[in-house]
Amino acid sequence: MRVPNGGEALRTPAEDPTMRCRTGLDPDVRAHVLATPGVREVIERTTVQLLALADEVPVSQVARLPVACQRGRHRSVAVEEEVAHRLWTTWGGERGVDVEHHHIDHGVLPAKGA
């Protein structure tokens, strides 16, 4: 995922041995990802786009937003959770927001250079 800070990628906790085996659901891992310059703007734009899309989708239909990162355990999880929280807050709990983390339980990939 690219952020509007000159094209830098989101910070990856996978390179930090203390965070590598944890996930974006852990508060300090999430904070690490959300400290990336420009990530808040990406989250805000994504939330605004989903709010607009949801206004156009019939009540019986589902709007989906896939978010991916290399391993699916850190960055995508943190971003998905933040977007979901913003949607839920904006709607005051009157609309449902489901989050699925498809790779969060997969084994941790070897570290670079290992």
# chains A, B, ... in the order shown; residues from 1 in each chain; ligands from 1
$ residues_around --residues "stretch 23-33 of chain A" --least-positions-apart "5" --cutoff "12 Å" --atoms "only C-alpha atoms" --output "ChimeraX atom specification"
/A:1,3,9-18,38-40,43,69,71-82,99,101,103-108
$ residues_around --residues "A:Arg64" --least-positions-apart "5" --cutoff "12 Å" --atoms "only C-alpha atoms" --output "PyMOL selection string"
chain A and resi 46+49-51+53-54+57+80+84+97-100
$ closest_residue --among "A:Met19, A:Val42, A:Val48, A:Val59" --to "A:Leu87" --atoms "only C-alpha atoms"
A:Val48
$ closest_residue --among "A:His102, A:Glu44, A:Arg22, A:Gly96" --to "A:Gln61" --atoms "only C-alpha atoms"
A:Gly96
$ select_by_dssp --residues "chain A" --states "helix (DSSP H, G or I)" --output "MDAnalysis selection string"
chainID A and resid 13:15 27:34 39:56 75:91
$ atom_distance --atom1 "atom CA of A:Arg45" --atom2 "atom CA of A:Arg86"
11.2 Å
$ atom_distance --atom1 "atom CA of A:Val83" --atom2 "atom CA of A:Arg20"
22.7 Å
$ atom_distance --atom1 "atom CA of A:Thr89" --atom2 "atom CA of A:Thr47"
11.0 Å
